[in-house]
file start10.csv (CSV, C-alpha atoms)
chain,number,residue,atom,x,y,z
C,1,MET,CA,-8.7,-15.2,-41.6
C,2,THR,CA,-9.6,-16.9,-38.4
C,3,GLU,CA,-6.5,-17.9,-36.4
C,4,THR,CA,-5.9,-21.5,-35.4
C,5,VAL,CA,-6.8,-21.9,-31.7
C,6,PRO,CA,-5.5,-24.7,-29.4
C,7,PHE,CA,-9.0,-25.8,-28.4
C,8,SER,CA,-11.0,-28.6,-30.0
C,9,PHE,CA,-13.0,-31.7,-29.4
C,10,THR,CA,-12.4,-35.1,-30.9
C,11,PRO,CA,-15.4,-37.5,-30.7
C,12,GLN,CA,-14.4,-41.2,-30.3
C,13,ALA,CA,-16.5,-44.2,-29.4
C,14,GLU,CA,-20.3,-43.9,-29.8
C,15,LEU,CA,-22.9,-45.5,-27.6
C,16,PRO,CA,-25.2,-47.6,-29.9
C,17,ASP,CA,-28.8,-46.4,-30.3
C,18,SER,CA,-28.2,-43.2,-28.4
C,19,GLN,CA,-26.4,-39.9,-28.5
C,20,GLY,CA,-23.8,-41.0,-25.9
C,21,ARG,CA,-20.2,-40.9,-26.8
C,22,THR,CA,-16.6,-40.7,-25.6
C,23,GLY,CA,-14.1,-38.1,-26.8
C,24,VAL,CA,-11.3,-35.8,-25.9
C,25,ILE,CA,-11.4,-32.0,-25.3
C,26,HIS,CA,-8.0,-30.4,-26.2
C,27,THR,CA,-7.1,-27.3,-24.2
C,28,PRO,CA,-4.0,-25.2,-23.8
C,29,HIS,CA,-3.4,-26.8,-20.4
C,30,GLY,CA,-4.0,-30.5,-21.3
C,31,ASP,CA,-6.6,-32.9,-22.6
C,32,ILE,CA,-9.9,-33.9,-20.9
C,33,SER,CA,-11.1,-37.4,-21.7
C,34,THR,CA,-14.9,-37.4,-21.8
C,35,PRO,CA,-17.4,-38.1,-20.3
C,36,ALA,CA,-15.8,-36.4,-17.3
C,37,PHE,CA,-16.8,-34.8,-14.0
C,38,THR,CA,-15.4,-31.4,-13.2
C,39,PRO,CA,-15.2,-30.7,-9.5
C,40,VAL,CA,-16.2,-27.2,-8.4
C,41,GLY,CA,-13.6,-25.1,-6.6
C,42,THR,CA,-15.9,-22.1,-6.2
C,43,LYS,CA,-13.3,-19.6,-4.8
C,44,ALA,CA,-10.3,-21.2,-6.6
C,45,THR,CA,-10.2,-24.1,-4.1
C,46,ILE,CA,-12.0,-27.3,-3.4
C,47,LYS,CA,-12.9,-26.6,0.2
C,48,ALA,CA,-10.6,-28.4,2.6
C,49,VAL,CA,-8.6,-30.2,-0.1
C,50,LEU,CA,-5.3,-29.4,-1.7
C,51,PRO,CA,-5.2,-29.0,-5.5
C,52,GLU,CA,-2.5,-31.7,-5.5
C,53,SER,CA,-5.0,-34.1,-3.9
C,54,MET,CA,-7.5,-33.3,-6.6
C,55,ALA,CA,-5.0,-34.4,-9.2
C,56,GLU,CA,-4.2,-37.5,-7.3
C,57,LEU,CA,-7.8,-38.6,-7.1
C,58,GLY,CA,-8.2,-38.2,-10.8
C,59,ALA,CA,-9.8,-34.9,-11.5
C,60,GLN,CA,-9.0,-33.8,-15.0
C,61,ALA,CA,-10.2,-30.2,-14.7
C,62,LEU,CA,-11.6,-27.8,-12.0
C,63,LEU,CA,-14.3,-25.1,-12.2
C,64,ALA,CA,-14.2,-21.8,-10.3
C,65,ASN,CA,-16.9,-19.1,-10.0
C,66,ALA,CA,-16.5,-15.7,-11.7
C,67,TYR,CA,-18.9,-14.0,-9.2
C,68,HIS,CA,-17.0,-15.1,-6.1
C,69,LEU,CA,-13.5,-14.4,-7.6
C,70,PHE,CA,-14.6,-11.0,-8.9
C,71,LEU,CA,-15.7,-10.0,-5.3
C,72,GLN,CA,-12.7,-11.6,-3.6
C,73,PRO,CA,-9.8,-11.3,-4.3
C,74,GLY,CA,-10.6,-9.6,-7.6
C,75,SER,CA,-10.2,-10.9,-11.1
C,76,ASP,CA,-7.4,-8.4,-11.7
C,77,ILE,CA,-5.3,-10.0,-9.0
C,78,VAL,CA,-5.9,-13.4,-10.5
C,79,ASP,CA,-4.8,-12.0,-13.9
C,80,GLU,CA,-1.7,-10.5,-12.4
C,81,ALA,CA,-0.8,-13.8,-10.8
C,82,GLY,CA,-0.9,-15.4,-14.2
C,83,GLY,CA,-4.4,-16.8,-14.4
C,84,LEU,CA,-6.6,-19.1,-12.3
C,85,GLY,CA,-4.4,-22.2,-12.8
C,86,VAL,CA,-1.2,-20.5,-11.7
C,87,PHE,CA,-3.0,-18.7,-8.8
C,88,MET,CA,-4.3,-22.0,-7.3
C,89,ASN,CA,-1.3,-24.1,-8.3
C,90,TRP,CA,-3.5,-26.3,-10.6
C,91,PRO,CA,-1.6,-27.2,-13.8
C,92,GLY,CA,-4.5,-28.8,-15.7
C,93,PRO,CA,-7.5,-27.4,-17.6
C,94,THR,CA,-9.9,-25.0,-15.8
C,95,TYR,CA,-13.4,-23.7,-16.3
C,96,THR,CA,-15.2,-20.6,-15.0
C,97,ASP,CA,-18.9,-20.1,-15.0
C,98,SER,CA,-20.3,-16.7,-15.9
C,99,GLY,CA,-21.4,-15.7,-12.4
C,100,GLY,CA,-25.0,-15.4,-13.6
C,101,PHE,CA,-26.5,-17.9,-11.2
C,102,GLN,CA,-24.7,-16.4,-8.2
C,103,VAL,CA,-25.5,-12.8,-9.2
C,104,MET,CA,-29.2,-13.6,-9.2
C,105,SER,CA,-29.2,-15.7,-6.1
C,106,LEU,CA,-26.3,-14.8,-3.7
C,107,GLY,CA,-26.2,-11.4,-5.3
C,108,SER,CA,-29.6,-10.7,-3.7
C,109,GLY,CA,-28.0,-11.1,-0.2
C,110,HIS,CA,-26.5,-14.1,1.6
C,111,LYS,CA,-28.6,-17.3,1.3
C,112,LYS,CA,-31.6,-15.5,-0.3
C,113,VAL,CA,-33.4,-16.4,-3.5
C,114,ILE,CA,-35.1,-14.6,-6.3
C,115,SER,CA,-38.9,-14.8,-6.0
C,116,MET,CA,-41.1,-15.6,-9.0
C,117,ASN,CA,-44.6,-14.5,-10.0
C,118,LEU,CA,-47.4,-16.9,-10.0
C,119,PRO,CA,-48.1,-18.5,-13.4
C,120,GLY,CA,-50.2,-16.3,-15.7
C,121,SER,CA,-48.1,-13.1,-15.5
C,122,THR,CA,-45.4,-12.2,-18.0
C,123,ASP,CA,-43.8,-9.8,-15.6
C,124,ARG,CA,-41.2,-11.1,-13.2
C,125,PRO,CA,-40.6,-9.1,-10.0
C,126,GLN,CA,-37.0,-8.6,-9.2
C,127,GLU,CA,-37.5,-9.0,-5.5
C,128,VAL,CA,-35.7,-11.1,-3.0
C,129,PHE,CA,-37.3,-12.9,0.0
C,130,SER,CA,-35.4,-14.2,3.0
C,131,SER,CA,-36.6,-17.1,5.0
C,132,SER,CA,-38.5,-14.7,7.3
C,133,GLY,CA,-40.5,-13.5,4.3
C,134,LYS,CA,-39.0,-10.0,4.4
C,135,SER,CA,-38.4,-8.7,0.9
C,136,GLY,CA,-36.1,-6.2,-0.6
C,137,LYS,CA,-35.4,-5.1,-4.2
C,138,LEU,CA,-31.8,-6.1,-4.2
C,139,VAL,CA,-31.4,-7.6,-7.7
C,140,LYS,CA,-32.4,-5.6,-10.8
C,141,ILE,CA,-32.5,-7.4,-14.2
C,142,ASP,CA,-32.9,-5.4,-17.4
C,143,ASP,CA,-32.0,-5.9,-21.0
C,144,ASP,CA,-28.5,-4.5,-20.5
C,145,GLY,CA,-27.5,-6.6,-17.5
C,146,VAL,CA,-27.9,-7.2,-13.8
C,147,THR,CA,-27.4,-4.9,-10.8
C,148,PHE,CA,-26.8,-6.8,-7.5
C,149,THR,CA,-25.6,-6.5,-4.0
C,150,SER,CA,-22.4,-8.2,-2.7
C,151,HIS,CA,-23.2,-10.9,-0.2
C,152,ILE,CA,-19.9,-10.1,1.5
C,153,ASP,CA,-20.2,-6.4,2.3
C,154,GLY,CA,-23.4,-5.2,0.8
C,155,SER,CA,-21.7,-3.1,-1.9
C,156,LYS,CA,-23.5,-2.6,-5.2
C,157,HIS,CA,-22.2,-4.0,-8.5
C,158,ARG,CA,-23.3,-4.5,-12.0
C,159,PHE,CA,-22.7,-7.4,-14.4
C,160,THR,CA,-23.3,-7.1,-18.2
C,161,PRO,CA,-22.2,-9.6,-20.8
C,162,GLU,CA,-19.2,-7.5,-21.5
C,163,ILE,CA,-18.2,-7.2,-17.8
C,164,SER,CA,-18.6,-11.0,-17.4
C,165,MET,CA,-16.4,-11.6,-20.4
C,166,ARG,CA,-13.7,-9.2,-19.0
C,167,ILE,CA,-13.8,-10.9,-15.6
C,168,GLN,CA,-13.5,-14.3,-17.1
C,169,HIS,CA,-10.7,-13.3,-19.5
C,170,GLN,CA,-8.8,-12.0,-16.5
C,171,LEU,CA,-9.4,-15.2,-14.6
C,172,GLY,CA,-7.9,-17.0,-17.6
C,173,ALA,CA,-9.8,-20.3,-17.5
C,174,ASP,CA,-9.6,-22.6,-20.5
C,175,VAL,CA,-13.4,-22.7,-20.8
C,176,MET,CA,-15.7,-19.8,-20.0
C,177,PHE,CA,-19.5,-19.6,-20.2
C,178,CYS,CA,-21.7,-16.8,-21.6
C,179,PHE,CA,-23.6,-14.6,-19.2
C,180,ASP,CA,-27.2,-15.7,-19.2
C,181,GLU,CA,-30.4,-15.1,-17.2
C,182,LEU,CA,-31.4,-17.5,-14.5
C,183,THR,CA,-35.0,-18.7,-14.7
C,184,THR,CA,-36.7,-21.5,-12.8
C,185,LEU,CA,-39.7,-23.7,-13.3
C,186,SER,CA,-41.8,-21.2,-11.4
C,187,ASP,CA,-41.5,-18.7,-14.2
C,188,PRO,CA,-44.5,-18.9,-16.6
C,189,ARG,CA,-43.9,-19.8,-20.3
C,190,GLU,CA,-44.4,-16.2,-21.3
C,191,TYR,CA,-41.5,-15.1,-19.2
C,192,GLN,CA,-39.3,-18.0,-20.4
C,193,GLU,CA,-39.8,-16.7,-23.9
C,194,LEU,CA,-38.8,-13.2,-23.0
C,195,SER,CA,-35.8,-14.5,-21.1
C,196,LEU,CA,-34.6,-16.5,-24.0
C,197,ASP,CA,-34.6,-13.5,-26.2
C,198,ARG,CA,-32.6,-11.6,-23.6
C,199,THR,CA,-30.2,-14.5,-23.1
C,200,LEU,CA,-29.7,-14.8,-26.9
C,201,ALA,CA,-28.9,-11.0,-27.2
C,202,TRP,CA,-26.5,-11.4,-24.3
C,203,ALA,CA,-24.8,-14.4,-25.9
C,204,GLN,CA,-24.2,-12.3,-29.1
C,205,ARG,CA,-22.6,-9.6,-27.0
C,206,CYS,CA,-20.5,-12.2,-25.1
C,207,LEU,CA,-19.3,-13.6,-28.4
C,208,ASP,CA,-18.4,-10.2,-29.8
C,209,GLU,CA,-16.6,-9.2,-26.6
C,210,HIS,CA,-14.8,-12.5,-26.4
C,211,VAL,CA,-13.4,-12.1,-29.9
C,212,ARG,CA,-12.3,-8.5,-29.1
C,213,LEU,CA,-10.6,-9.5,-25.8
C,214,THR,CA,-9.0,-12.6,-27.4
C,215,ALA,CA,-7.2,-10.3,-29.9
C,216,GLU,CA,-6.4,-7.8,-27.2
C,217,ARG,CA,-5.0,-10.5,-24.9
C,218,SER,CA,-3.0,-12.5,-27.4
C,219,HIS,CA,-0.2,-12.9,-24.8
C,220,ARG,CA,-2.5,-15.3,-22.9
C,221,PRO,CA,-3.4,-18.8,-23.9
C,222,TYR,CA,-6.7,-19.1,-25.9
C,223,GLN,CA,-9.9,-19.4,-23.8
C,224,ALA,CA,-12.9,-21.2,-25.2
C,225,LEU,CA,-16.4,-19.7,-24.9
C,226,PHE,CA,-19.5,-21.9,-24.5
C,227,GLY,CA,-23.0,-20.6,-25.2
C,228,VAL,CA,-25.6,-21.6,-22.6
C,229,VAL,CA,-28.9,-23.2,-23.6
C,230,GLN,CA,-32.0,-22.3,-21.6
C,231,GLY,CA,-35.7,-23.0,-22.2
C,232,ALA,CA,-36.8,-24.8,-19.0
C,233,HIS,CA,-38.8,-27.9,-19.7
C,234,TYR,CA,-40.3,-26.8,-23.0
C,235,GLU,CA,-39.1,-28.8,-26.0
C,236,ASP,CA,-39.8,-26.1,-28.6
C,237,LEU,CA,-38.0,-23.4,-26.5
C,238,ARG,CA,-35.0,-25.7,-25.8
C,239,ARG,CA,-34.6,-26.6,-29.5
C,240,LYS,CA,-35.1,-23.0,-30.7
C,241,ALA,CA,-32.6,-21.7,-28.1
C,242,THR,CA,-30.0,-24.3,-29.2
C,243,ARG,CA,-30.4,-23.6,-32.9
C,244,ASP,CA,-30.2,-19.8,-32.3
C,245,LEU,CA,-26.9,-20.2,-30.4
C,246,VAL,CA,-25.4,-22.6,-33.0
C,247,ALA,CA,-26.2,-20.0,-35.7
C,248,LEU,CA,-24.5,-17.1,-33.9
C,249,ARG,CA,-21.3,-15.6,-35.2
C,250,SER,CA,-19.1,-12.8,-34.0
C,251,ALA,CA,-19.9,-9.5,-35.7
C,252,ASP,CA,-16.1,-9.0,-36.2
C,253,ASP,CA,-15.4,-12.5,-37.3
C,254,GLN,CA,-18.1,-14.3,-39.2
C,255,GLN,CA,-16.2,-17.6,-39.0
C,256,ARG,CA,-16.2,-17.6,-35.2
C,257,PRO,CA,-19.0,-19.7,-33.6
C,258,PHE,CA,-19.0,-20.8,-30.0
C,259,ASP,CA,-16.4,-23.3,-29.0
C,260,GLY,CA,-18.9,-25.5,-27.2
C,261,TYR,CA,-22.3,-25.4,-25.4
C,262,GLY,CA,-23.5,-25.5,-21.9
C,263,ILE,CA,-26.9,-26.9,-20.9
C,264,GLY,CA,-28.3,-24.9,-18.0
C,265,GLY,CA,-31.5,-23.6,-16.6
C,266,ALA,CA,-34.5,-25.2,-14.9
C,267,LEU,CA,-35.5,-28.8,-15.5
C,268,GLU,CA,-37.1,-31.6,-13.5
C,269,LYS,CA,-34.9,-34.5,-12.5
C,270,GLU,CA,-37.2,-37.0,-14.2
C,271,ASN,CA,-37.0,-35.2,-17.5
C,272,LEU,CA,-33.2,-34.5,-17.4
C,273,GLY,CA,-32.3,-37.1,-20.0
C,274,THR,CA,-35.1,-36.1,-22.3
C,275,ILE,CA,-34.1,-32.4,-22.2
C,276,VAL,CA,-30.4,-33.1,-22.7
C,277,GLY,CA,-31.4,-35.2,-25.7
C,278,TRP,CA,-33.4,-32.4,-27.2
C,279,VAL,CA,-30.5,-30.0,-26.9
C,280,CYS,CA,-27.8,-32.4,-28.1
C,281,SER,CA,-29.7,-33.5,-31.1
C,282,GLU,CA,-29.5,-29.9,-32.3
C,283,LEU,CA,-25.8,-29.4,-31.6
C,284,PRO,CA,-22.9,-30.0,-34.0
C,285,ALA,CA,-21.0,-33.3,-33.3
C,286,GLU,CA,-17.7,-31.5,-33.1
C,287,ALA,CA,-18.8,-29.2,-30.2
C,288,PRO,CA,-18.4,-30.4,-26.6
C,289,ARG,CA,-21.5,-30.3,-24.4
C,290,HIS,CA,-21.3,-29.4,-20.7
C,291,LEU,CA,-24.3,-30.0,-18.4
C,292,LEU,CA,-24.2,-27.5,-15.5
C,293,GLY,CA,-24.9,-28.6,-11.9
C,294,ILE,CA,-25.5,-32.3,-11.7
C,295,SER,CA,-23.9,-35.0,-9.5
C,296,GLU,CA,-26.3,-37.8,-8.7
C,297,PRO,CA,-25.3,-41.2,-10.2
C,298,ASP,CA,-28.6,-41.8,-12.1
C,299,ASP,CA,-28.3,-38.3,-13.5
C,300,PHE,CA,-24.9,-39.1,-15.0
C,301,PHE,CA,-26.2,-42.1,-16.8
C,302,ALA,CA,-29.2,-40.3,-18.2
C,303,ALA,CA,-27.2,-37.3,-19.3
C,304,VAL,CA,-24.4,-39.4,-20.9
C,305,GLU,CA,-26.8,-41.5,-22.8
C,306,ASN,CA,-28.4,-38.4,-24.3
C,307,GLY,CA,-25.2,-36.7,-25.4
C,308,ALA,CA,-23.6,-34.7,-22.5
C,309,ASP,CA,-19.8,-34.8,-22.4
C,310,THR,CA,-18.8,-33.0,-19.1
C,311,PHE,CA,-20.5,-32.1,-15.9
C,312,ASP,CA,-19.9,-30.0,-12.8
C,313,CYS,CA,-21.5,-29.7,-9.3
C,314,VAL,CA,-20.6,-28.5,-5.8
C,315,SER,CA,-22.6,-31.3,-4.2
C,316,PRO,CA,-20.0,-34.0,-3.6
C,317,ALA,CA,-17.9,-31.6,-1.5
C,318,ARG,CA,-20.9,-29.9,0.1
C,319,VAL,CA,-22.6,-33.0,1.3
C,320,ALA,CA,-19.2,-34.4,2.5
C,321,ARG,CA,-18.9,-31.5,4.9
C,322,ASN,CA,-22.2,-32.6,6.4
C,323,ALA,CA,-20.9,-36.2,6.9
C,324,ALA,CA,-22.8,-37.6,3.9
C,325,LEU,CA,-20.6,-40.1,2.0
C,326,TYR,CA,-21.1,-42.0,-1.2
C,327,SER,CA,-20.6,-45.8,-1.5
C,328,ARG,CA,-21.4,-48.4,-4.0
C,329,ASP,CA,-24.4,-49.3,-1.8
C,330,GLY,CA,-25.8,-45.8,-1.7
C,331,ARG,CA,-25.2,-42.6,0.2
C,332,PHE,CA,-25.1,-42.7,4.0
C,333,ASN,CA,-24.3,-40.5,7.0
C,334,VAL,CA,-21.0,-41.5,8.7
C,335,ASN,CA,-21.7,-39.7,11.9
C,336,THR,CA,-24.6,-42.0,12.9
C,337,ALA,CA,-24.2,-44.4,15.8
C,338,ALA,CA,-23.9,-47.4,13.5
C,339,ASN,CA,-20.5,-46.2,12.4
C,340,ARG,CA,-19.1,-45.5,15.9
C,341,ARG,CA,-17.3,-48.9,16.0
C,342,ASN,CA,-17.2,-49.7,12.3
C,343,PHE,CA,-13.6,-50.2,11.4
C,344,ALA,CA,-14.2,-50.8,7.7
C,345,PRO,CA,-13.4,-48.2,5.1
C,346,VAL,CA,-16.0,-45.8,3.8
C,347,ASP,CA,-16.4,-48.0,0.7
C,348,GLU,CA,-14.7,-51.4,0.3
C,349,ASP,CA,-14.5,-50.9,-3.4
C,350,CYS,CA,-13.0,-47.4,-3.3
C,351,ASP,CA,-9.3,-46.7,-4.1
C,352,CYS,CA,-9.2,-43.2,-2.7
C,353,TYR,CA,-6.7,-42.0,-0.1
C,354,THR,CA,-9.4,-41.9,2.6
C,355,CYS,CA,-10.6,-45.4,2.1
C,356,THR,CA,-7.1,-46.9,1.9
C,357,HIS,CA,-5.9,-45.3,5.1
C,358,TYR,CA,-8.9,-44.6,7.4
C,359,THR,CA,-12.1,-46.2,8.8
C,360,ARG,CA,-15.7,-45.2,9.2
C,361,ALA,CA,-15.1,-45.2,12.9
C,362,TYR,CA,-12.3,-42.6,12.6
C,363,LEU,CA,-14.4,-40.3,10.3
C,364,HIS,CA,-17.3,-40.7,12.8
C,365,HIS,CA,-15.0,-39.5,15.5
C,366,LEU,CA,-13.7,-36.6,13.5
C,367,PHE,CA,-17.1,-35.3,12.7
C,368,LYS,CA,-18.4,-35.7,16.3
C,369,ALA,CA,-15.3,-33.9,17.5
C,370,HIS,CA,-15.7,-31.2,14.9
C,371,GLU,CA,-12.2,-31.7,13.6
C,372,MET,CA,-11.3,-30.0,10.3
C,373,LEU,CA,-9.7,-33.2,9.0
C,374,ALA,CA,-13.2,-34.7,8.8
C,375,ASN,CA,-14.0,-32.3,5.9
C,376,THR,CA,-10.8,-33.1,4.1
C,377,LEU,CA,-11.1,-36.9,4.3
C,378,ALA,CA,-14.8,-36.9,3.5
C,379,THR,CA,-14.4,-34.6,0.5
C,380,ILE,CA,-11.5,-36.6,-0.9
C,381,HIS,CA,-13.6,-39.7,-0.9
C,382,ASN,CA,-16.8,-38.1,-2.4
C,383,GLU,CA,-14.9,-36.4,-5.2
C,384,ARG,CA,-13.0,-39.5,-6.0
C,385,PHE,CA,-16.2,-41.5,-6.0
C,386,ILE,CA,-17.9,-39.3,-8.5
C,387,VAL,CA,-14.8,-38.7,-10.7
C,388,ARG,CA,-14.3,-42.5,-10.8
C,389,LEU,CA,-18.0,-43.2,-11.6
C,390,VAL,CA,-17.9,-41.0,-14.7
C,391,ASP,CA,-14.5,-42.5,-15.6
C,392,ASP,CA,-16.1,-45.9,-15.4
C,393,ILE,CA,-19.0,-44.8,-17.5
C,394,ARG,CA,-16.5,-43.7,-20.1
C,395,GLY,CA,-14.7,-47.0,-20.0
C,396,ALA,CA,-18.0,-48.9,-20.3
C,397,ILE,CA,-18.9,-47.0,-23.5
C,398,ALA,CA,-15.5,-47.6,-25.0
C,399,GLY,CA,-15.6,-51.3,-23.9
C,400,GLY,CA,-19.1,-51.9,-25.2
C,401,TYR,CA,-20.7,-52.9,-21.8
C,402,PHE,CA,-22.4,-49.6,-20.9
C,403,ALA,CA,-25.9,-51.2,-20.5
C,404,ASP,CA,-24.7,-53.9,-18.2
C,405,PHE,CA,-22.7,-51.5,-16.1
C,406,LYS,CA,-25.6,-49.1,-15.8
C,407,ILE,CA,-27.9,-51.9,-14.6
C,408,GLU,CA,-25.4,-53.3,-12.1
C,409,PHE,CA,-24.3,-49.9,-10.7
C,410,LEU,CA,-27.7,-48.3,-10.3
C,411,GLY,CA,-29.3,-51.5,-9.0
C,412,ARG,CA,-26.7,-51.7,-6.2
C,413,TYR,CA,-26.6,-48.0,-5.5
C,414,TYR,CA,-30.4,-47.5,-5.2
C,415,GLY,CA,-31.3,-51.1,-4.3
call {"tool": "encode", "arguments": {"input": "start10.csv", "output": "structure tokens"}}
result
Amino acid sequence: MTETVPFSFTPQAELPDSQGRTGVIHTPHGDISTPAFTPVGTKATIKAVLPESMAELGAQALLANAYHLFLQPGSDIVDEAGGLGVFMNWPGPTYTDSGGFQVMSLGSGHKKVISMNLPGSTDRPQEVFSSSGKSGKLVKIDDDGVTFTSHIDGSKHRFTPEISMRIQHQLGADVMFCFDELTTLSDPREYQELSLDRTLAWAQRCLDEHVRLTAERSHRPYQALFGVVQGAHYEDLRRKATRDLVALRSADDQQRPFDGYGIGGALEKENLGTIVGWVCSELPAEAPRHLLGISEPDDFFAAVENGADTFDCVSPARVARNAALYSRDGRFNVNTAANRRNFAPVDEDCDCYTCTHYTRAYLHHLFKAHEMLANTLATIHNERFIVRLVDDIRGAIAGGYFADFKIEFLGRYYG
């Protein structure tokens, strides 16, 4: 008999004539009202911002990265501390990604990317190219897993589905993702098909290992496992990948499917909503859907309309550290001359700590003076802006005015 687990999703309001919806994800560390944006604290921290500040600005959950925490400080240390939430003093729900993206990008060496063959070949070279064009075979992908190089000290490591599951169980997040293979739009269709077969086999191994570790680690709160849908921009591949994942069951527990599903992989921005719609139309209504790696306002509206429930991205914090700030009138750079004597807040409509206490002129000064406080105040604002936007989208669906809100917001932001 399958044990009762403290993780579930309750759909609530539906968006008419679309797959959009609101709902609640129930986790051992609290509920997440959806749609919701999950800020990314890659190394168990949102850079320059206290976890307490993230709670104050309305973040419901945080996501950390398995690759980074495996390398430093070590997933065993996080486990010994009591899990990710305890380690970083975050009492709410947490997510960890599988580390697959970082293994195949950062794992090739700092700030390098995996190269792709030209279309027409079914073989994909596991080579890495730096900006200078120099290559080195630093990432090796095979059917069992991935061998990679630490971007910190050059040491060699290997991730398999089982190792990713062990690491993520040690990290102790409420939601984990299956280890999958990273592909891009540069990969030919033939390779996308081969990669989907590999990713499906890895998903089965992740599910089996997850069930085993859940039983072994019954002293820890239950951790949900999400399968990850790939397939690039091909409708038939996306739909097949989704159906295959939905049909998977643990070899040791035929009643155990995935707890939810992630939508990842390569897609063009203009087709984001369409691809999300393909996937969500194949998913069970009771399963939460997480779209990996988006943070632009128009992307949220497109994704929500087509059925996505939660999202994560490093972008709000990353661009903040480069003085790029969000406002209802669009994104702008606060360290330009126009803001030197601008004593208005970053955004007149924003209720964040930064906007209620500081001016554009002050942030301009901090960035020009290279003061660390610049990163803190800018990141607080950007994270609050995106969290609040998705909260407002949720309220618009529940209140029945989503279409009007979308037109008004996007018209002003991009106008």
call {"tool": "closest_residue", "arguments": {"input": "start10.csv", "among": "C:Thr160, C:Gln230, C:Gln19, C:Thr359", "to": "Ile397 of chain C", "atoms": "all atoms listed in the file"}}
result
C:Gln19
call {"tool": "atom_distance", "arguments": {"input": "start10.csv", "atom1": "atom CA of Leu196 of chain C", "atom2": "atom CA of Ala241 of chain C"}}
result
6.9 Å
call {"tool": "residues_near_point", "arguments": {"input": "start10.csv", "point": "(-18.0, -20.6, -22.4)", "cutoff": "6 Å", "atoms": "all atoms listed in the file", "output": "PDB file with C-alpha atoms, in the coordinates of the input"}}
result
ATOM      1  CA  VAL C 175     -13.400 -22.700 -20.800  1.00  0.00           C
ATOM      2  CA  MET C 176     -15.700 -19.800 -20.000  1.00  0.00           C
ATOM      3  CA  PHE C 177     -19.500 -19.600 -20.200  1.00  0.00           C
ATOM      4  CA  CYS C 178     -21.700 -16.800 -21.600  1.00  0.00           C
ATOM      5  CA  ALA C 224     -12.900 -21.200 -25.200  1.00  0.00           C
ATOM      6  CA  LEU C 225     -16.400 -19.700 -24.900  1.00  0.00           C
ATOM      7  CA  PHE C 226     -19.500 -21.900 -24.500  1.00  0.00           C
ATOM      8  CA  GLY C 227     -23.000 -20.600 -25.200  1.00  0.00           C
TER       9      GLY C 227
END
call {"tool": "closest_residue", "arguments": {"input": "start10.csv", "among": "C:Arg212, C:Ala173, C:Thr22, C:Ile163", "to": "Val78 of chain C", "atoms": "all atoms listed in the file"}}
result
C:Ala173
call {"tool": "residues_around", "arguments": {"input": "start10.csv", "residues": "Asp143 of chain C", "least_positions_apart": "4", "cutoff": "12 Å", "atoms": "all atoms listed in the file", "output": "ChimeraX atom specification"}}
result
/C:147,159-161,180-181,194-202,205
call {"tool": "residues_around", "arguments": {"input": "start10.csv", "residues": "Lys269 of chain C", "least_positions_apart": "4", "cutoff": "12 Å", "atoms": "all atoms listed in the file", "output": "ChimeraX atom specification"}}
result
/C:185,232-233,273-276,293-300,302-303
call {"tool": "closest_residue", "arguments": {"input": "start10.csv", "among": "C:Leu245, C:Leu373, C:Leu363, C:Ala55", "to": "Arg341 of chain C", "atoms": "all atoms listed in the file"}}
result
C:Leu363
call {"tool": "closest_residue", "arguments": {"input": "start10.csv", "among": "C:Ile32, C:Ala317, C:Ile393, C:Leu283", "to": "Ile46 of chain C", "atoms": "only C-alpha atoms"}}
result
C:Ala317
call {"tool": "atom_distance", "arguments": {"input": "start10.csv", "atom1": "atom CA of Leu15 of chain C", "atom2": "atom CA of Ile263 of chain C"}}
result
20.2 Å
call {"tool": "residues_around", "arguments": {"input": "start10.csv", "residues": "Val346 of chain C", "least_positions_apart": "5", "cutoff": "12 Å", "atoms": "all atoms listed in the file", "output": "MDAnalysis selection string"}}
result
chainID C and resid 320 323:335 339 351:364 377:382 385
call {"tool": "atom_distance", "arguments": {"input": "start10.csv", "atom1": "atom CA of Thr336 of chain C", "atom2": "atom CA of Cys350 of chain C"}}
result
20.6 Å
call {"tool": "closest_residue", "arguments": {"input": "start10.csv", "among": "C:Asn306, C:Gln223, C:Gln72, C:Thr183", "to": "His151 of chain C", "atoms": "only C-alpha atoms"}}
result
C:Gln72
call {"tool": "residues_around", "arguments": {"input": "start10.csv", "residues": "Ala287 of chain C", "least_positions_apart": "6", "cutoff": "7 Å", "atoms": "only C-alpha atoms", "output": "PDB file with C-alpha atoms, in the frame of the given file"}}
result
ATOM      1  CA  PHE C   9     -13.000 -31.700 -29.400  1.00  0.00           C
ATOM      2  CA  ASP C 259     -16.400 -23.300 -29.000  1.00  0.00           C
ATOM      3  CA  GLY C 260     -18.900 -25.500 -27.200  1.00  0.00           C
TER       4      GLY C 260
END
call {"tool": "closest_residue", "arguments": {"input": "start10.csv", "among": "C:Thr27, C:Asn89, C:Thr242, C:Thr10", "to": "Ala203 of chain C", "atoms": "all atoms listed in the file"}}
result
C:Thr242
